[in-house]
$ cat my_file.pdb   # PDB, C-alpha atoms, pLDDT in the B column
ATOM      1  CA  MET A   1      14.122  11.319  -1.577  1.00 92.00           C
ATOM      2  CA  GLU A   2      11.761  14.249  -1.095  1.00 95.00           C
ATOM      3  CA  THR A   3       9.068  14.766   1.546  1.00 95.00           C
ATOM      4  CA  LYS A   4       6.211  17.264   1.831  1.00 94.00           C
ATOM      5  CA  THR A   5       3.600  17.819   4.522  1.00 95.00           C
ATOM      6  CA  PHE A   6       0.463  19.711   3.535  1.00 95.00           C
ATOM      7  CA  ILE A   7      -3.176  20.335   4.467  1.00 96.00           C
ATOM      8  CA  VAL A   8      -6.030  18.672   2.563  1.00 97.00           C
ATOM      9  CA  PRO A   9      -9.233  20.447   3.680  1.00 96.00           C
ATOM     10  CA  ASN A  10     -11.480  17.758   2.127  1.00 95.00           C
ATOM     11  CA  ILE A  11     -10.372  15.143   4.695  1.00 97.00           C
ATOM     12  CA  SER A  12     -13.347  14.442   6.960  1.00 97.00           C
ATOM     13  CA  CYS A  13     -13.076  10.775   8.000  1.00 97.00           C
ATOM     14  CA  GLY A  14     -10.995   7.626   8.002  1.00 97.00           C
ATOM     15  CA  HIS A  15     -12.264   6.699   4.548  1.00 97.00           C
ATOM     16  CA  CYS A  16     -10.733   9.927   3.198  1.00 98.00           C
ATOM     17  CA  THR A  17      -7.321   9.182   4.692  1.00 98.00           C
ATOM     18  CA  HIS A  18      -7.496   5.569   3.499  1.00 98.00           C
ATOM     19  CA  THR A  19      -8.305   6.692  -0.053  1.00 98.00           C
ATOM     20  CA  ILE A  20      -5.418   9.173  -0.102  1.00 98.00           C
ATOM     21  CA  GLN A  21      -2.972   6.604   1.282  1.00 98.00           C
ATOM     22  CA  MET A  22      -4.081   3.876  -1.158  1.00 98.00           C
ATOM     23  CA  GLU A  23      -4.181   6.093  -4.259  1.00 98.00           C
ATOM     24  CA  LEU A  24      -0.837   7.799  -3.609  1.00 98.00           C
ATOM     25  CA  GLY A  25       0.698   4.502  -2.479  1.00 97.00           C
ATOM     26  CA  ASP A  26      -0.038   3.040  -5.929  1.00 97.00           C
ATOM     27  CA  LEU A  27       1.945   5.800  -7.656  1.00 97.00           C
ATOM     28  CA  ALA A  28       5.397   4.589  -8.772  1.00 97.00           C
ATOM     29  CA  GLY A  29       8.150   6.081  -6.623  1.00 98.00           C
ATOM     30  CA  ILE A  30       6.050   6.809  -3.519  1.00 98.00           C
ATOM     31  CA  THR A  31       7.904   5.542  -0.455  1.00 98.00           C
ATOM     32  CA  SER A  32       5.433   6.542   2.289  1.00 98.00           C
ATOM     33  CA  VAL A  33       2.106   8.292   2.815  1.00 98.00           C
ATOM     34  CA  LYS A  34       0.596   9.301   6.148  1.00 98.00           C
ATOM     35  CA  ALA A  35      -2.764  11.075   6.330  1.00 98.00           C
ATOM     36  CA  GLU A  36      -4.459  12.232   9.557  1.00 97.00           C
ATOM     37  CA  VAL A  37      -8.161  12.994  10.006  1.00 98.00           C
ATOM     38  CA  GLU A  38      -7.898  15.386  12.975  1.00 97.00           C
ATOM     39  CA  SER A  39      -5.236  17.694  11.564  1.00 96.00           C
ATOM     40  CA  LYS A  40      -6.119  17.134   7.873  1.00 96.00           C
ATOM     41  CA  GLU A  41      -2.382  16.786   7.308  1.00 96.00           C
ATOM     42  CA  VAL A  42      -0.799  14.521   4.731  1.00 97.00           C
ATOM     43  CA  THR A  43       2.895  13.694   4.628  1.00 96.00           C
ATOM     44  CA  VAL A  44       4.217  12.038   1.496  1.00 97.00           C
ATOM     45  CA  SER A  45       7.753  10.887   0.651  1.00 97.00           C
ATOM     46  CA  TRP A  46       8.882   9.946  -2.820  1.00 97.00           C
ATOM     47  CA  GLN A  47      11.720   9.355  -5.214  1.00 97.00           C
ATOM     48  CA  ASP A  48      11.972   9.005  -8.995  1.00 96.00           C
ATOM     49  CA  PRO A  49       9.894   8.406 -11.024  1.00 97.00           C
ATOM     50  CA  ALA A  50       7.345  10.197  -8.793  1.00 97.00           C
ATOM     51  CA  THR A  51       7.308  14.009  -8.827  1.00 96.00           C
ATOM     52  CA  TRP A  52       5.382  16.615  -6.853  1.00 95.00           C
ATOM     53  CA  GLU A  53       3.532  17.491 -10.067  1.00 95.00           C
ATOM     54  CA  LYS A  54       2.301  13.881 -10.437  1.00 97.00           C
ATOM     55  CA  ILE A  55       1.304  13.726  -6.765  1.00 97.00           C
ATOM     56  CA  ASP A  56      -0.536  17.064  -6.952  1.00 96.00           C
ATOM     57  CA  GLU A  57      -2.305  15.997 -10.158  1.00 97.00           C
ATOM     58  CA  LEU A  58      -3.464  12.712  -8.601  1.00 97.00           C
ATOM     59  CA  LEU A  59      -4.718  14.454  -5.454  1.00 97.00           C
ATOM     60  CA  HIS A  60      -6.785  16.838  -7.590  1.00 97.00           C
ATOM     61  CA  GLU A  61      -8.069  13.918  -9.673  1.00 97.00           C
ATOM     62  CA  ILE A  62      -9.366  12.081  -6.584  1.00 97.00           C
ATOM     63  CA  ASN A  63     -10.849  15.323  -5.140  1.00 97.00           C
ATOM     64  CA  TYR A  64      -8.359  15.771  -2.279  1.00 97.00           C
ATOM     65  CA  PRO A  65      -6.376  18.782  -3.520  1.00 96.00           C
ATOM     66  CA  PRO A  66      -3.559  20.009  -1.278  1.00 95.00           C
ATOM     67  CA  GLU A  67      -3.964  23.603  -0.142  1.00 91.00           C
ATOM     68  CA  GLN A  68      -1.400  24.642   2.441  1.00 77.00           C
ATOM     69  CA  LEU A  69       2.191  23.466   2.370  1.00 74.00           C
ATOM     70  CA  ILE A  70       3.406  22.966   5.937  1.00 72.00           C
ATOM     71  CA  GLN A  71       6.837  21.503   5.491  1.00 64.00           C
ATOM     72  CA  LEU A  72       9.165  20.712   2.619  1.00 59.00           C
ATOM     73  CA  ASN A  73      12.182  18.465   3.227  1.00 58.00           C
TER      74      ASN A  73
END
$ encode --input "my_file.pdb" --output "structure tokens"
Amino acid sequence: METKTFIVPNISCGHCTHTIQMELGDLAGITSVKAEVESKEVTVSWQDPATWEKIDELLHEINYPPEQLIQLN
């Protein structure tokens, strides 16, 4: 399993975090998603068949592109 924590500058409210969590949560292989309004941080964990490329592509598609990688596990 892989995990990344990153900043999403477009997060401005609870609706934003809910959208990110729901959209990423529907992607096959995602095991957990946590998004926070105050810090604009998102932490996502996944396994096959999900990949970082698929996650990044979906985040761009829903207009919440990741900008700053904080932590990679």
$ resolve_selection --input "my_file.pdb" --expression "the PyMOL selection byres ((chain A and resi 22) around 12)" --output "list in words"
His15, Cys16, Thr17, His18, Thr19, Ile20, Gln21, Glu23, Leu24, Gly25, Asp26, Leu27, Ile30, Ser32, Val33, Lys34, Ala35, Val44, Leu58, Leu59 and Ile62 of chain A
$ closest_residue --input "my_file.pdb" --among "A:Asn10, A:Met1, A:Glu53, A:Val42" --to "Gly29 (chain A)" --atoms "all atoms listed in the file"
A:Met1
$ atom_distance --input "my_file.pdb" --atom1 "CA of Pro9 (chain A)" --atom2 "CA of Ala28 (chain A)"
24.9 Å
$ atom_distance --input "my_file.pdb" --atom1 "CA of Thr3 (chain A)" --atom2 "CA of Trp46 (chain A)"
6.5 Å
$ resolve_selection --input "my_file.pdb" --expression "the PyMOL selection byres ((chain A and resi 5) around 10)" --output "ChimeraX atom specification"
/A:3-4,6-8,33-35,41-45,66,68-73
$ closest_residue --input "my_file.pdb" --among "A:Pro49, A:Gly14, A:Lys40, A:Lys54" --to "Glu67 (chain A)" --atoms "only C-alpha atoms"
A:Lys40
$ atom_distance --input "my_file.pdb" --atom1 "CA of Cys13 (chain A)" --atom2 "CA of Val37 (chain A)"
5.8 Å
$ closest_residue --input "my_file.pdb" --among "A:Ser12, A:Trp52, A:Glu2, A:Gln47" --to "Tyr64 (chain A)" --atoms "only C-alpha atoms"
A:Ser12
$ closest_residue --input "my_file.pdb" --among "A:Asn63, A:Ile55, A:Asp48, A:Thr31" --to "Ile11 (chain A)" --atoms "all atoms listed in the file"
A:Asn63
$ axis_aligned_box --input "my_file.pdb" --around "region 28-38 of chain A" --padding-each-side "5 Å" --output "lines of an AutoDock Vina configuration file"
center_x = 0.0
center_y = 10.0
center_z = 2.1
size_x = 26.3
size_y = 20.8
size_z = 31.7
$ build_atoms --input "my_file.pdb" --residues "region 8-35 of chain A" --atoms "N, CA and C atoms" --output "mmCIF file, keeping the file's coordinate frame"
data_model
loop_
_atom_site.group_PDB
_atom_site.id
_atom_site.type_symbol
_atom_site.label_atom_id
_atom_site.label_comp_id
_atom_site.auth_asym_id
_atom_site.auth_seq_id
_atom_site.Cartn_x
_atom_site.Cartn_y
_atom_site.Cartn_z
ATOM 1 N N VAL A 8 -4.997 19.030 3.537
ATOM 2 C CA VAL A 8 -6.030 18.672 2.563
ATOM 3 C C VAL A 8 -7.379 18.923 3.247
ATOM 4 N N PRO A 9 -7.993 20.080 2.991
ATOM 5 C CA PRO A 9 -9.233 20.447 3.680
ATOM 6 C C PRO A 9 -10.387 19.458 3.487
ATOM 7 N N ASN A 10 -10.381 18.690 2.395
ATOM 8 C CA ASN A 10 -11.480 17.758 2.127
ATOM 9 C C ASN A 10 -11.452 16.508 2.999
ATOM 10 N N ILE A 11 -10.417 16.308 3.812
ATOM 11 C CA ILE A 11 -10.372 15.143 4.695
ATOM 12 C C ILE A 11 -11.398 15.329 5.805
ATOM 13 N N SER A 12 -12.324 14.350 5.916
ATOM 14 C CA SER A 12 -13.347 14.442 6.960
ATOM 15 C C SER A 12 -13.509 13.153 7.757
ATOM 16 N N CYS A 13 -12.879 12.054 7.299
ATOM 17 C CA CYS A 13 -13.076 10.775 8.000
ATOM 18 C C CYS A 13 -11.944 9.807 7.644
ATOM 19 N N GLY A 14 -11.990 8.653 8.256
ATOM 20 C CA GLY A 14 -10.995 7.626 8.002
ATOM 21 C C GLY A 14 -11.011 7.121 6.569
ATOM 22 N N HIS A 15 -12.177 7.131 5.947
ATOM 23 C CA HIS A 15 -12.264 6.699 4.548
ATOM 24 C C HIS A 15 -11.447 7.645 3.665
ATOM 25 N N CYS A 16 -11.500 8.935 3.963
ATOM 26 C CA CYS A 16 -10.733 9.927 3.198
ATOM 27 C C CYS A 16 -9.235 9.634 3.298
ATOM 28 N N THR A 17 -8.749 9.430 4.513
ATOM 29 C CA THR A 17 -7.321 9.182 4.692
ATOM 30 C C THR A 17 -6.920 7.867 4.030
ATOM 31 N N HIS A 18 -7.776 6.864 4.132
ATOM 32 C CA HIS A 18 -7.496 5.569 3.499
ATOM 33 C C HIS A 18 -7.387 5.725 1.983
ATOM 34 N N THR A 19 -8.308 6.471 1.397
ATOM 35 C CA THR A 19 -8.305 6.692 -0.053
ATOM 36 C C THR A 19 -7.016 7.392 -0.480
ATOM 37 N N ILE A 20 -6.640 8.437 0.229
ATOM 38 C CA ILE A 20 -5.418 9.173 -0.102
ATOM 39 C C ILE A 20 -4.200 8.251 -0.014
ATOM 40 N N GLN A 21 -4.113 7.490 1.079
ATOM 41 C CA GLN A 21 -2.972 6.604 1.282
ATOM 42 C C GLN A 21 -2.909 5.516 0.216
ATOM 43 N N MET A 22 -4.054 4.940 -0.151
ATOM 44 C CA MET A 22 -4.081 3.876 -1.158
ATOM 45 C C MET A 22 -3.759 4.425 -2.550
ATOM 46 N N GLU A 23 -4.388 5.531 -2.917
ATOM 47 C CA GLU A 23 -4.181 6.093 -4.259
ATOM 48 C C GLU A 23 -2.739 6.569 -4.446
ATOM 49 N N LEU A 24 -2.214 7.324 -3.487
ATOM 50 C CA LEU A 24 -0.837 7.799 -3.609
ATOM 51 C C LEU A 24 0.148 6.635 -3.504
ATOM 52 N N GLY A 25 -0.174 5.666 -2.652
ATOM 53 C CA GLY A 25 0.698 4.502 -2.479
ATOM 54 C C GLY A 25 0.864 3.692 -3.752
ATOM 55 N N ASP A 26 -0.109 3.764 -4.656
ATOM 56 C CA ASP A 26 -0.038 3.040 -5.929
ATOM 57 C C ASP A 26 0.797 3.770 -6.974
ATOM 58 N N LEU A 27 1.166 5.013 -6.702
ATOM 59 C CA LEU A 27 1.945 5.800 -7.656
ATOM 60 C C LEU A 27 3.413 5.355 -7.584
ATOM 61 N N ALA A 28 4.005 5.049 -8.735
ATOM 62 C CA ALA A 28 5.397 4.589 -8.772
ATOM 63 C C ALA A 28 6.324 5.636 -8.167
ATOM 64 N N GLY A 29 7.173 5.195 -7.244
ATOM 65 C CA GLY A 29 8.150 6.081 -6.623
ATOM 66 C C GLY A 29 7.754 6.587 -5.248
ATOM 67 N N ILE A 30 6.492 6.389 -4.855
ATOM 68 C CA ILE A 30 6.050 6.809 -3.519
ATOM 69 C C ILE A 30 6.633 5.846 -2.494
ATOM 70 N N THR A 31 7.302 6.390 -1.479
ATOM 71 C CA THR A 31 7.904 5.542 -0.455
ATOM 72 C C THR A 31 7.087 5.497 0.830
ATOM 73 N N SER A 32 6.326 6.570 1.128
ATOM 74 C CA SER A 32 5.433 6.542 2.289
ATOM 75 C C SER A 32 4.378 7.636 2.180
ATOM 76 N N VAL A 33 3.215 7.334 2.761
ATOM 77 C CA VAL A 33 2.106 8.292 2.815
ATOM 78 C C VAL A 33 1.464 8.158 4.181
ATOM 79 N N LYS A 34 1.292 9.296 4.864
ATOM 80 C CA LYS A 34 0.596 9.301 6.148
ATOM 81 C C LYS A 34 -0.429 10.430 6.109
ATOM 82 N N ALA A 35 -1.693 10.079 6.323
ATOM 83 C CA ALA A 35 -2.764 11.075 6.330
ATOM 84 C C ALA A 35 -3.478 11.002 7.674
#
